[in-house]
Amino acid sequence: MKRLWRFPGGLRLPGSKDLSTGGAIAPLAAPARVYLPLRQHAGAAAKPVVQAGDRVVRGQLVAAPSAFVSAAVHASVSGRVVEISDHAIPHPAGIMEPCVVIEAEPGRAGDATPSLGPVPAAGDMEALRERIRAAGIVGLGGAVFPSAAKLKPSRPIDTLVVNGVECEPYITCDDALMRERPEAVIHGSLVLMGMVEAGRCVVAVEDNKPQAAARLREALKAVVAGGRQDAGTLEVVEVPTRFPAGGEKQLVRTLTGREVPRGGLPYEVGVVCINVGTAAAVAAAVREGRPLTSRVVTVTGPGIRRPGNFEVALGTPVADLIEAAGGTTAEEVELIMGGPMMGRRLESDRTMVVKATNCILVTPVRTERSEPVMPCIRCGACAEVCPINLLPQQLYWHARGRSFDKLEPYGLADCIECGCCAVVCPSRIPLVDFYRFAKSEIADQERKRRSAEESRARTNARNARIEQQKREQEARKAARKAARRKPKADKAEAPEGEKQAPQDGEARRAVGGAS
Amino acid sequence: MRAGQGLDVAQGGAPFIPPAKRVRRIMTLVLVALAPGILAYTVLFGWGPLVNITLATASALGFEALMLRIRRRPLGPFLADGSAVVTAVLLALCLPPLAPWWLPVLGSFIAIVGAKQLYGGLGYNPFNPAMAGYAVLLIAFPLELSTWTLPLALQQAPADLAATIAYSLGGAGTGGLDAMTAATPLDRLRTGVGLGEAMTEIRAAPVFGILAGRGWEWVNLAFLGGGVLLVLMRVISWHIPVAVVGSLALISGIAFFLGPNHYPGPLFHLLGGATMLGAFFIATDPVTAATTPSGKLVYGAGIGVLIYAIRAWGGYPDGVAFAVLLMGLTVPLLDTYLRPRIFGARRPRVRDGS
Amino acid sequence: MEVVLLTIIALLFGVGLGVAAIRLRVEKDPVVDQIDAILPQTQCGQCSFPGCRPYAEALAAGEADINQCPPGGDTGMRALADLLGKEPKPLAGGDGEASDPVPMVAVVDESTCIGCTKCLQVCPVDAIVGAPKQKHTIIEAHCTGCELCLPPLCPVPDCIVMVEVRPTAANWKWQYPLTAAGERVA
């Protein structure tokens, strides 16, 4: 038996997973229209390569990565590009961002997906990486970091961790994928293991998903029997069910005993961590040349009629997905993208499934008022469950008082917003709300500081330019004077006078007037 | 999250699982865990503690309501949180069993108004309210606070409930009071040591029992039982009680080892006076105790040492209240400097798992 | 005797302090730089000085007050008060509300722009692109919202207007989690 380590804190939560594990993954019929945001990933938005009116087939590139940390976007249905315009992305405030809108043309549904080209040779790392980048693959566990960027670690890697833990309650998309397509997960894992040159690979599954683990082991056995030598170094490991066991840092700790340094990434301790869905997507891209155009999404919660897992084309409106799951049980529902611990409330169903969408959680709107927030009694229950060993009560204290500078030494940046502290708080303080608030305020201050710095530099450059022009003008004038009359000893010097502050009302115009 | 309960979706964001614990539940469990000790105290020392608890609780709730009213805070949630009741019960348990009515009432006033509400109410008080109330009473009314009744077994004519109430309300029925009161075991010890008596001599006095003070040993054991229950139910963490009991046992053990004739054994300290009540119920008051694990250990150990120091060399027979109040002063310091290591903070040794 | 002794001690301390003051001097940013670092660099001149740096210089010299920078908002005023050891005060010309301004940028209506280049010349951060008789446009990322280009400088009414900075996923902020009554924002 493989030795496992323990990460600090954590919580045992009721899984509520059997709600959605009844049936097989159901393919969702192509929607009438898909809305493909140009940024469904961490990093820079992709650059569109199609125009309104263009005909596209499923799998065709519609937006190309614009930077190293960026990802391609492909048409998820065959049809016509209607427009590239702003639509509400899955965001708590319903923020609009540019999307490629494609109207499906049902007659062309059978069009072949364009292949990404011939399968690269197994040893050609650069070609494989390029293939994964061209397929638009990002971390499907939720972080949506472009996978290709992760596969060029600057330090030696000894372990590839394939994350099938799925510790959030309700969500079962990875579970369904592992049960139904274990072979794709194993194959993708082997490809990735070769790419990062890891000596071994661990596929981790939470011990509340014995079926998934069993199916993975069967698939692994079949692959080994098929003659894959490297498959022998791959093992399926069950980890204890304790939220957030599937967090990257927690899982690396559980499996290897290593701690990812503060603010660091797993590769710094010799580990690369990839979600099982991502591994399956890699298998599809490398073996079949299929880019990422769909994903498995769990639709579940007390507010949906027929919970289950669906294979959904990216860009599908959430409303279509809910309809496919039998509609809602209540007139008014709340929608969450992701799980109940770390998901995001959606402003409405007028948004779409993106690469990060693992779950749509539907719950009836609560009619009763929630209980009042009481003062913190410093019981420390939050600190006991914090998987990062932070002191949530102190973070709360400073965030509440807007003492943002005090939050850094208490490790606000290390907070993974797992929500454990808020769930155990007897005073019902929305602790994580405070951390998010403080983080976004700090980020805003930093943004303002940077833009002020940029403005200062631009102003200085402009002033220097004006000064220069003035000097040149003076020099020319002096030269002309000198040419006209006989040379004189005195020369024109840039007048100091203009630097003096003009009086009140004059000042604003004077700023420009100086030029 | 309990089965069947909906998700609580607020604008602020996840988690959407409503918290299960309440302040009220914590306080209720504390009161439940106090029950065995209160029962033992009542059985062994008469009705006095119950009368004190009743008076202290009623007046504490009254003062709390009054102050909330004055401070324009909602009455409902803050009265129902149970914190005032816990404060009142802890205060009452520190008072002599037979006490005039104004003692628990005044104590409640000092605790609730002076030590808690004037500092901002629940969660904002820097000092343990029950102990602040007790300490002020002890300094202001040393006589009343040192008139302790004997265990019932040593009394000739124990007061029944009616007589206890009558005494509390009007000082009536005091005829037999002298026969009921005597020095507590800790007092007896102090006088004995002062007179240069040998420990065997002191321990032979009727106020001493098998393990420690007569009666007190069982009361302490009952509080220990309730306290262990709280730890097992994870209402309180083990750090503070273990540190208090451990440091007190260690230091009294060393003293006993060096001079068994001059110092009572560790058991006497652990099961004497308010040790167990203090270790499990008073020192663990979350608002005024340290909150980090290592901070809690230092805080608890400090209390244990101070309890011993005050008992051995201080001016008062028992030192729990002052020990808790004094260590309360160090809490901001402890919380600032004894923080847990943030995950991934230091490069840990790289160990291989296979 | 005592007087002599004390005098000697006093002298020794004096020398010690003097040496320490020179040897152990802490090199700090000149106060002007520290003030300038707080100012928002909008270069708008609303403080009555021609830009942020001149205002910083005037503040350092004690010739200006800390509440003269509306773009810095309440936060900026408080930071200045903190740095300079002054009492916070409401912003000059404000409505007395302690708040920060909503970030705005200028936008040129390209259908009415006559290409006069006036705005080009005043923009303190060179955020406007254009040439004589050509339509001008403002690079949103560089615009500080100083309003210097607005009419009456711009001869065409409603050609240059201020609009709120569009909320994006990158600049969106979470609101304060509790209401004034101490309840969770529902």
# chains A, B, ... in the order shown; residues from 1 in each chain; ligands from 1
call {"tool": "interface_residues", "arguments": {"of": "chain B", "to": "chain A", "cutoff": "6 Å", "atoms": "only C-alpha atoms", "output": "PyMOL selection string"}}
result
chain B and resi 12+14-16+19+21-23+123+286-287+291+342-345+350+353
call {"tool": "write_last_selection", "arguments": {"atoms": "N, CA and C atoms", "output": "PDB file, in the first residue's frame"}}
result
ATOM      1  N   GLY B  12     -22.261  37.558  -1.726  1.00  0.00           N
ATOM      2  CA  GLY B  12     -20.846  37.593  -1.374  1.00  0.00           C
ATOM      3  C   GLY B  12     -20.069  36.425  -1.946  1.00  0.00           C
ATOM      4  N   ALA B  14     -19.281  31.962  -2.500  1.00  0.00           N
ATOM      5  CA  ALA B  14     -19.176  30.658  -1.848  1.00  0.00           C
ATOM      6  C   ALA B  14     -18.437  30.806  -0.513  1.00  0.00           C
ATOM      7  N   PRO B  15     -18.526  29.872   0.388  1.00  0.00           N
ATOM      8  CA  PRO B  15     -19.324  28.652   0.295  1.00  0.00           C
ATOM      9  C   PRO B  15     -20.818  28.910   0.477  1.00  0.00           C
ATOM     10  N   PHE B  16     -21.601  28.073  -0.182  1.00  0.00           N
ATOM     11  CA  PHE B  16     -23.048  28.232  -0.113  1.00  0.00           C
ATOM     12  C   PHE B  16     -23.678  27.248   0.861  1.00  0.00           C
ATOM     13  N   PRO B  19     -23.526  27.284   7.676  1.00  0.00           N
ATOM     14  CA  PRO B  19     -22.796  26.715   8.800  1.00  0.00           C
ATOM     15  C   PRO B  19     -23.717  25.941   9.729  1.00  0.00           C
ATOM     16  N   LYS B  21     -22.749  24.912  13.039  1.00  0.00           N
ATOM     17  CA  LYS B  21     -22.558  25.267  14.451  1.00  0.00           C
ATOM     18  C   LYS B  21     -23.146  26.632  14.732  1.00  0.00           C
ATOM     19  N   ARG B  22     -23.542  26.855  15.943  1.00  0.00           N
ATOM     20  CA  ARG B  22     -24.013  28.175  16.365  1.00  0.00           C
ATOM     21  C   ARG B  22     -23.282  28.532  17.652  1.00  0.00           C
ATOM     22  N   VAL B  23     -23.188  29.810  17.924  1.00  0.00           N
ATOM     23  CA  VAL B  23     -22.663  30.244  19.210  1.00  0.00           C
ATOM     24  C   VAL B  23     -23.535  29.661  20.314  1.00  0.00           C
ATOM     25  N   GLY B 123     -17.637  39.024  22.217  1.00  0.00           N
ATOM     26  CA  GLY B 123     -16.536  38.963  21.272  1.00  0.00           C
ATOM     27  C   GLY B 123     -15.536  40.094  21.397  1.00  0.00           C
ATOM     28  N   PRO B 286     -13.390  31.332  24.767  1.00  0.00           N
ATOM     29  CA  PRO B 286     -12.708  31.625  23.490  1.00  0.00           C
ATOM     30  C   PRO B 286     -12.383  33.105  23.306  1.00  0.00           C
ATOM     31  N   VAL B 287     -13.280  33.972  23.768  1.00  0.00           N
ATOM     32  CA  VAL B 287     -13.098  35.400  23.484  1.00  0.00           C
ATOM     33  C   VAL B 287     -11.810  35.926  24.090  1.00  0.00           C
ATOM     34  N   THR B 291      -5.703  32.148  20.611  1.00  0.00           N
ATOM     35  CA  THR B 291      -6.431  31.362  19.616  1.00  0.00           C
ATOM     36  C   THR B 291      -5.550  30.435  18.788  1.00  0.00           C
ATOM     37  N   ILE B 342       2.575  28.793   8.099  1.00  0.00           N
ATOM     38  CA  ILE B 342       1.699  28.728   6.936  1.00  0.00           C
ATOM     39  C   ILE B 342       2.177  27.616   6.014  1.00  0.00           C
ATOM     40  N   PHE B 343       1.233  26.852   5.493  1.00  0.00           N
ATOM     41  CA  PHE B 343       1.532  25.725   4.606  1.00  0.00           C
ATOM     42  C   PHE B 343       2.482  26.171   3.492  1.00  0.00           C
ATOM     43  N   GLY B 344       3.595  25.480   3.388  1.00  0.00           N
ATOM     44  CA  GLY B 344       4.536  25.808   2.320  1.00  0.00           C
ATOM     45  C   GLY B 344       5.427  26.992   2.637  1.00  0.00           C
ATOM     46  N   ALA B 345       5.403  27.470   3.893  1.00  0.00           N
ATOM     47  CA  ALA B 345       6.146  28.688   4.211  1.00  0.00           C
ATOM     48  C   ALA B 345       7.644  28.468   4.181  1.00  0.00           C
ATOM     49  N   VAL B 350      12.421  17.530   1.420  1.00  0.00           N
ATOM     50  CA  VAL B 350      11.766  16.764   0.350  1.00  0.00           C
ATOM     51  C   VAL B 350      11.920  15.289   0.687  1.00  0.00           C
ATOM     52  N   GLY B 353       7.831   9.621  -1.461  1.00  0.00           N
ATOM     53  CA  GLY B 353       6.702   8.875  -0.940  1.00  0.00           C
ATOM     54  C   GLY B 353       6.780   7.378  -1.182  1.00  0.00           C
TER      55      GLY B 353
END
call {"tool": "residues_around", "arguments": {"residues": "Cys123 in chain C", "least_positions_apart": "5", "cutoff": "10 Å", "atoms": "only C-alpha atoms", "output": "list in words"}}
result
Thr459, Arg462, Val511 and Gly512 of chain A; Gln43, Cys44, Lys118, Ile128, Ile138, Cys143, Thr144, Cys146, Glu147, Leu148 and Cys149 of chain C
call {"tool": "residues_around", "arguments": {"residues": "range 314-326 of chain B", "least_positions_apart": "5", "cutoff": "7 Å", "atoms": "only C-alpha atoms", "output": "PyMOL selection string"}}
result
chain B and resi 127-128+131+135+186-187+190+273-275+278+283+303+306-307+309
call {"tool": "write_last_selection", "arguments": {"atoms": "N, CA and C atoms", "output": "PDB file, in the first residue's frame"}}
result
ATOM      1  N   PHE B 127     -11.154  40.966  28.814  1.00  0.00           N
ATOM      2  CA  PHE B 127     -10.969  40.128  30.000  1.00  0.00           C
ATOM      3  C   PHE B 127     -12.145  39.196  30.182  1.00  0.00           C
ATOM      4  N   ASN B 128     -11.861  38.054  30.768  1.00  0.00           N
ATOM      5  CA  ASN B 128     -12.899  37.099  31.069  1.00  0.00           C
ATOM      6  C   ASN B 128     -13.914  37.755  32.006  1.00  0.00           C
ATOM      7  N   MET B 131     -14.480  36.176  35.525  1.00  0.00           N
ATOM      8  CA  MET B 131     -13.338  36.320  36.422  1.00  0.00           C
ATOM      9  C   MET B 131     -13.129  37.781  36.833  1.00  0.00           C
ATOM     10  N   ALA B 135     -13.083  38.812  40.611  1.00  0.00           N
ATOM     11  CA  ALA B 135     -11.901  39.469  41.170  1.00  0.00           C
ATOM     12  C   ALA B 135     -12.284  40.769  41.872  1.00  0.00           C
ATOM     13  N   LEU B 186      -7.700  24.936  50.984  1.00  0.00           N
ATOM     14  CA  LEU B 186      -6.578  25.768  50.538  1.00  0.00           C
ATOM     15  C   LEU B 186      -6.195  26.777  51.609  1.00  0.00           C
ATOM     16  N   ASP B 187      -7.230  27.311  52.324  1.00  0.00           N
ATOM     17  CA  ASP B 187      -6.970  28.249  53.426  1.00  0.00           C
ATOM     18  C   ASP B 187      -6.210  27.554  54.543  1.00  0.00           C
ATOM     19  N   ARG B 190      -2.689  27.087  53.720  1.00  0.00           N
ATOM     20  CA  ARG B 190      -1.922  28.318  53.817  1.00  0.00           C
ATOM     21  C   ARG B 190      -1.567  28.624  55.277  1.00  0.00           C
ATOM     22  N   GLY B 273      -9.621  23.438  45.124  1.00  0.00           N
ATOM     23  CA  GLY B 273     -10.077  24.751  44.686  1.00  0.00           C
ATOM     24  C   GLY B 273     -10.813  24.685  43.365  1.00  0.00           C
ATOM     25  N   ALA B 274     -10.530  25.655  42.487  1.00  0.00           N
ATOM     26  CA  ALA B 274     -11.275  25.765  41.238  1.00  0.00           C
ATOM     27  C   ALA B 274     -10.445  25.271  40.057  1.00  0.00           C
ATOM     28  N   THR B 275      -9.470  24.375  40.312  1.00  0.00           N
ATOM     29  CA  THR B 275      -8.547  23.996  39.240  1.00  0.00           C
ATOM     30  C   THR B 275      -9.259  23.487  37.987  1.00  0.00           C
ATOM     31  N   GLY B 278     -11.539  25.917  36.337  1.00  0.00           N
ATOM     32  CA  GLY B 278     -10.724  26.916  35.650  1.00  0.00           C
ATOM     33  C   GLY B 278     -10.105  26.381  34.383  1.00  0.00           C
ATOM     34  N   ALA B 283     -10.606  29.108  31.670  1.00  0.00           N
ATOM     35  CA  ALA B 283      -9.462  29.465  30.824  1.00  0.00           C
ATOM     36  C   ALA B 283      -9.770  29.259  29.345  1.00  0.00           C
ATOM     37  N   ILE B 303      -1.159  30.013  32.943  1.00  0.00           N
ATOM     38  CA  ILE B 303      -2.211  29.990  33.958  1.00  0.00           C
ATOM     39  C   ILE B 303      -1.875  28.965  35.033  1.00  0.00           C
ATOM     40  N   LEU B 306       0.833  30.346  37.233  1.00  0.00           N
ATOM     41  CA  LEU B 306       0.339  31.437  38.087  1.00  0.00           C
ATOM     42  C   LEU B 306      -0.582  30.917  39.189  1.00  0.00           C
ATOM     43  N   ILE B 307      -1.400  29.915  38.875  1.00  0.00           N
ATOM     44  CA  ILE B 307      -2.266  29.340  39.909  1.00  0.00           C
ATOM     45  C   ILE B 307      -1.393  28.838  41.062  1.00  0.00           C
ATOM     46  N   ALA B 309       1.703  29.701  41.760  1.00  0.00           N
ATOM     47  CA  ALA B 309       2.429  30.788  42.404  1.00  0.00           C
ATOM     48  C   ALA B 309       1.534  31.526  43.390  1.00  0.00           C
TER      49      ALA B 309
END
call {"tool": "select_by_dssp", "arguments": {"residues": "range 32-219 of chain B", "states": "alpha helix (DSSP H)", "output": "PyMOL selection string"}}
result
chain B and resi 32-45+48-70+75-80+83-94+102-108+129-140+142-145+161-170+177-180+185-195+199-203+216-219
call {"tool": "atom_distance", "arguments": {"atom1": "CA of Pro132 in chain C", "atom2": "CA of Val161 in chain C"}}
result
20.3 Å
call {"tool": "residues_around", "arguments": {"residues": "Thr357 in chain A", "least_positions_apart": "2", "cutoff": "12 Å", "atoms": "only C-alpha atoms", "output": "PDB file with C-alpha atoms, in the first residue's frame"}}
result
ATOM      1  CA  GLN A  40     -12.028  30.922 -21.104  1.00  0.00           C
ATOM      2  CA  HIS A  41      -8.618  30.395 -19.609  1.00  0.00           C
ATOM      3  CA  ILE A  89     -19.633  35.357 -19.198  1.00  0.00           C
ATOM      4  CA  PRO A  90     -20.131  33.120 -16.150  1.00  0.00           C
ATOM      5  CA  HIS A  91     -19.437  35.729 -13.523  1.00  0.00           C
ATOM      6  CA  VAL A 138      -6.562  24.109 -20.413  1.00  0.00           C
ATOM      7  CA  GLY A 139      -6.813  22.713 -16.896  1.00  0.00           C
ATOM      8  CA  LEU A 140     -10.370  21.431 -16.735  1.00  0.00           C
ATOM      9  CA  GLY A 141     -10.341  21.101 -12.950  1.00  0.00           C
ATOM     10  CA  GLY A 142     -11.279  24.744 -12.647  1.00  0.00           C
ATOM     11  CA  ALA A 143      -8.037  26.687 -12.788  1.00  0.00           C
ATOM     12  CA  VAL A 144      -8.122  26.693 -16.639  1.00  0.00           C
ATOM     13  CA  ILE A 171     -19.958  17.475  -8.565  1.00  0.00           C
ATOM     14  CA  CYS A 173     -18.299  15.006 -13.852  1.00  0.00           C
ATOM     15  CA  ASP A 174     -14.809  13.638 -13.240  1.00  0.00           C
ATOM     16  CA  GLY A 277     -10.616  15.585 -17.632  1.00  0.00           C
ATOM     17  CA  SER A 294     -16.890  19.954 -25.454  1.00  0.00           C
ATOM     18  CA  ARG A 295     -16.668  18.800 -21.879  1.00  0.00           C
ATOM     19  CA  VAL A 296     -18.574  16.794 -19.293  1.00  0.00           C
ATOM     20  CA  VAL A 297     -20.745  18.986 -17.054  1.00  0.00           C
ATOM     21  CA  THR A 298     -22.704  17.896 -13.991  1.00  0.00           C
ATOM     22  CA  VAL A 299     -26.140  19.458 -13.658  1.00  0.00           C
ATOM     23  CA  PHE A 310     -23.905  15.753 -19.885  1.00  0.00           C
ATOM     24  CA  GLU A 311     -21.385  16.009 -22.682  1.00  0.00           C
ATOM     25  CA  VAL A 312     -21.854  19.653 -23.588  1.00  0.00           C
ATOM     26  CA  ALA A 313     -20.526  21.688 -26.518  1.00  0.00           C
ATOM     27  CA  LEU A 314     -18.533  24.648 -25.174  1.00  0.00           C
ATOM     28  CA  GLY A 315     -20.461  27.881 -25.467  1.00  0.00           C
ATOM     29  CA  THR A 316     -23.835  26.212 -24.932  1.00  0.00           C
ATOM     30  CA  PRO A 317     -26.201  28.556 -23.071  1.00  0.00           C
ATOM     31  CA  VAL A 318     -26.746  27.456 -19.476  1.00  0.00           C
ATOM     32  CA  LEU A 321     -28.442  22.762 -20.363  1.00  0.00           C
ATOM     33  CA  ILE A 336     -23.984  28.165  -9.137  1.00  0.00           C
ATOM     34  CA  MET A 337     -21.193  27.320 -11.522  1.00  0.00           C
ATOM     35  CA  GLY A 338     -18.974  24.850  -9.706  1.00  0.00           C
ATOM     36  CA  GLY A 339     -19.596  23.306  -6.321  1.00  0.00           C
ATOM     37  CA  GLY A 343     -18.386  27.723  -6.966  1.00  0.00           C
ATOM     38  CA  ARG A 344     -19.567  31.048  -8.252  1.00  0.00           C
ATOM     39  CA  LEU A 346     -24.343  33.108 -11.676  1.00  0.00           C
ATOM     40  CA  THR A 351     -24.540  32.784 -19.845  1.00  0.00           C
ATOM     41  CA  MET A 352     -22.675  29.849 -21.296  1.00  0.00           C
ATOM     42  CA  VAL A 353     -20.741  26.693 -20.548  1.00  0.00           C
ATOM     43  CA  VAL A 354     -17.023  27.425 -20.755  1.00  0.00           C
ATOM     44  CA  LYS A 355     -13.924  25.276 -20.389  1.00  0.00           C
ATOM     45  CA  CYS A 359     -20.966  21.770 -12.699  1.00  0.00           C
ATOM     46  CA  ILE A 360     -24.171  23.764 -12.760  1.00  0.00           C
ATOM     47  CA  LEU A 361     -25.669  23.566  -9.307  1.00  0.00           C
TER      48      LEU A 361
END
call {"tool": "closest_atom_pairs", "arguments": {"of": "chain C", "to": "chain B", "cutoff": "9 Å", "atoms": "only C-alpha atoms", "output": "CSV"}}
result
residue,atom,partner,partner_atom,distance
C:Trp174,CA,B:Gly12,CA,7.5
C:Gln175,CA,B:Gly12,CA,7.6
C:Tyr176,CA,B:Gly12,CA,8.3
C:Pro177,CA,B:Gly12,CA,5.9
C:Leu178,CA,B:Gly12,CA,8.8
C:Arg184,CA,B:Gly12,CA,7.8
C:Val185,CA,B:Gln11,CA,6.2
C:Ala186,CA,B:Ala10,CA,4.8
call {"tool": "interface_residues", "arguments": {"of": "chain C", "to": "chain A", "cutoff": "9 Å", "atoms": "only C-alpha atoms", "output": "number ranges by chain"}}
result
C: 37-54, 118-119, 121-127, 141-144, 148, 153, 167-169, 171-178, 182-184, 186
call {"tool": "atom_distance", "arguments": {"atom1": "CA of Ala279 in chain B", "atom2": "CA of Asn125 in chain B"}}
result
19.6 Å
call {"tool": "residues_around", "arguments": {"residues": "Gly73 in chain C", "least_positions_apart": "4", "cutoff": "12 Å", "atoms": "only C-alpha atoms", "output": "ChimeraX atom specification"}}
result
/C:38-40,66-69,77-80,88-103
call {"tool": "atom_distance", "arguments": {"atom1": "CA of Val108 in chain C", "atom2": "CA of Gly145 in chain C"}}
result
12.7 Å
call {"tool": "closest_residue", "arguments": {"among": "C:Leu150, C:Ala131, C:Ile139, C:Val105", "to": "Val163 in chain C", "atoms": "only C-alpha atoms"}}
result
C:Val105
call {"tool": "residues_around", "arguments": {"residues": "Ala92 in chain B", "least_positions_apart": "4", "cutoff": "8 Å", "atoms": "only C-alpha atoms", "output": "ChimeraX atom specification"}}
result
/B:49,52-53,56,88,104
call {"tool": "residues_around", "arguments": {"residues": "Pro307 in chain A", "least_positions_apart": "2", "cutoff": "8 Å", "atoms": "only C-alpha atoms", "output": "NGL selection string"}}
result
:A and (19-20 or 298-301 or 304-305 or 309 or 325)
call {"tool": "select_by_dssp", "arguments": {"residues": "range 121-163 of chain C", "states": "strand (DSSP E or B)", "output": "list of chain:residue names"}}
result
C:Ile128, C:Val129, C:Thr137, C:Ile138, C:Ile160, C:Val161, C:Met162, C:Val163
call {"tool": "decode", "arguments": {"residues": "range 355-399 of chain A", "atoms": "C-alpha atoms", "output": "PDB file, in the first residue's frame"}}
result
ATOM      1  CA  LYS A 355     -13.924  25.276 -20.389  1.00  0.00           C
ATOM      2  CA  ALA A 356     -13.976  25.805 -16.620  1.00  0.00           C
ATOM      3  CA  THR A 357     -17.593  24.716 -16.194  1.00  0.00           C
ATOM      4  CA  ASN A 358     -17.555  21.442 -14.289  1.00  0.00           C
ATOM      5  CA  CYS A 359     -20.966  21.770 -12.699  1.00  0.00           C
ATOM      6  CA  ILE A 360     -24.171  23.764 -12.760  1.00  0.00           C
ATOM      7  CA  LEU A 361     -25.669  23.566  -9.307  1.00  0.00           C
ATOM      8  CA  VAL A 362     -29.328  24.546  -9.108  1.00  0.00           C
ATOM      9  CA  THR A 363     -31.062  25.333  -5.842  1.00  0.00           C
ATOM     10  CA  PRO A 364     -34.428  26.906  -5.080  1.00  0.00           C
ATOM     11  CA  VAL A 365     -34.267  30.457  -3.799  1.00  0.00           C
ATOM     12  CA  ARG A 366     -34.477  30.396  -0.054  1.00  0.00           C
ATOM     13  CA  THR A 367     -37.493  32.162   1.272  1.00  0.00           C
ATOM     14  CA  GLU A 368     -36.564  32.311   4.937  1.00  0.00           C
ATOM     15  CA  ARG A 369     -34.099  34.933   6.049  1.00  0.00           C
ATOM     16  CA  SER A 370     -30.707  33.590   6.851  1.00  0.00           C
ATOM     17  CA  GLU A 371     -29.622  33.875  10.455  1.00  0.00           C
ATOM     18  CA  PRO A 372     -27.887  37.070  11.557  1.00  0.00           C
ATOM     19  CA  VAL A 373     -24.128  37.453  11.533  1.00  0.00           C
ATOM     20  CA  MET A 374     -22.841  37.417  15.122  1.00  0.00           C
ATOM     21  CA  PRO A 375     -19.571  38.855  16.387  1.00  0.00           C
ATOM     22  CA  CYS A 376     -16.469  36.681  16.172  1.00  0.00           C
ATOM     23  CA  ILE A 377     -15.929  34.923  19.488  1.00  0.00           C
ATOM     24  CA  ARG A 378     -12.425  33.862  18.499  1.00  0.00           C
ATOM     25  CA  CYS A 379     -13.246  30.210  19.010  1.00  0.00           C
ATOM     26  CA  GLY A 380     -10.613  29.268  16.449  1.00  0.00           C
ATOM     27  CA  ALA A 381     -12.775  26.649  14.714  1.00  0.00           C
ATOM     28  CA  CYS A 382     -11.817  28.299  11.423  1.00  0.00           C
ATOM     29  CA  ALA A 383      -8.114  27.946  12.110  1.00  0.00           C
ATOM     30  CA  GLU A 384      -8.560  24.257  12.894  1.00  0.00           C
ATOM     31  CA  VAL A 385     -10.031  23.505   9.467  1.00  0.00           C
ATOM     32  CA  CYS A 386      -7.819  25.798   7.381  1.00  0.00           C
ATOM     33  CA  PRO A 387      -5.822  23.594   4.979  1.00  0.00           C
ATOM     34  CA  ILE A 388      -3.149  26.274   4.657  1.00  0.00           C
ATOM     35  CA  ASN A 389      -2.710  26.790   8.422  1.00  0.00           C
ATOM     36  CA  LEU A 390      -3.826  30.389   8.239  1.00  0.00           C
ATOM     37  CA  LEU A 391      -5.577  32.247  11.046  1.00  0.00           C
ATOM     38  CA  PRO A 392      -8.906  33.082   9.418  1.00  0.00           C
ATOM     39  CA  GLN A 393     -10.116  35.024  12.434  1.00  0.00           C
ATOM     40  CA  GLN A 394      -7.173  37.419  12.208  1.00  0.00           C
ATOM     41  CA  LEU A 395      -7.547  37.768   8.440  1.00  0.00           C
ATOM     42  CA  TYR A 396     -11.206  38.577   9.002  1.00  0.00           C
ATOM     43  CA  TRP A 397     -10.368  41.145  11.637  1.00  0.00           C
ATOM     44  CA  HIS A 398      -8.022  43.084   9.380  1.00  0.00           C
ATOM     45  CA  ALA A 399     -10.122  42.682   6.229  1.00  0.00           C
TER      46      ALA A 399
END
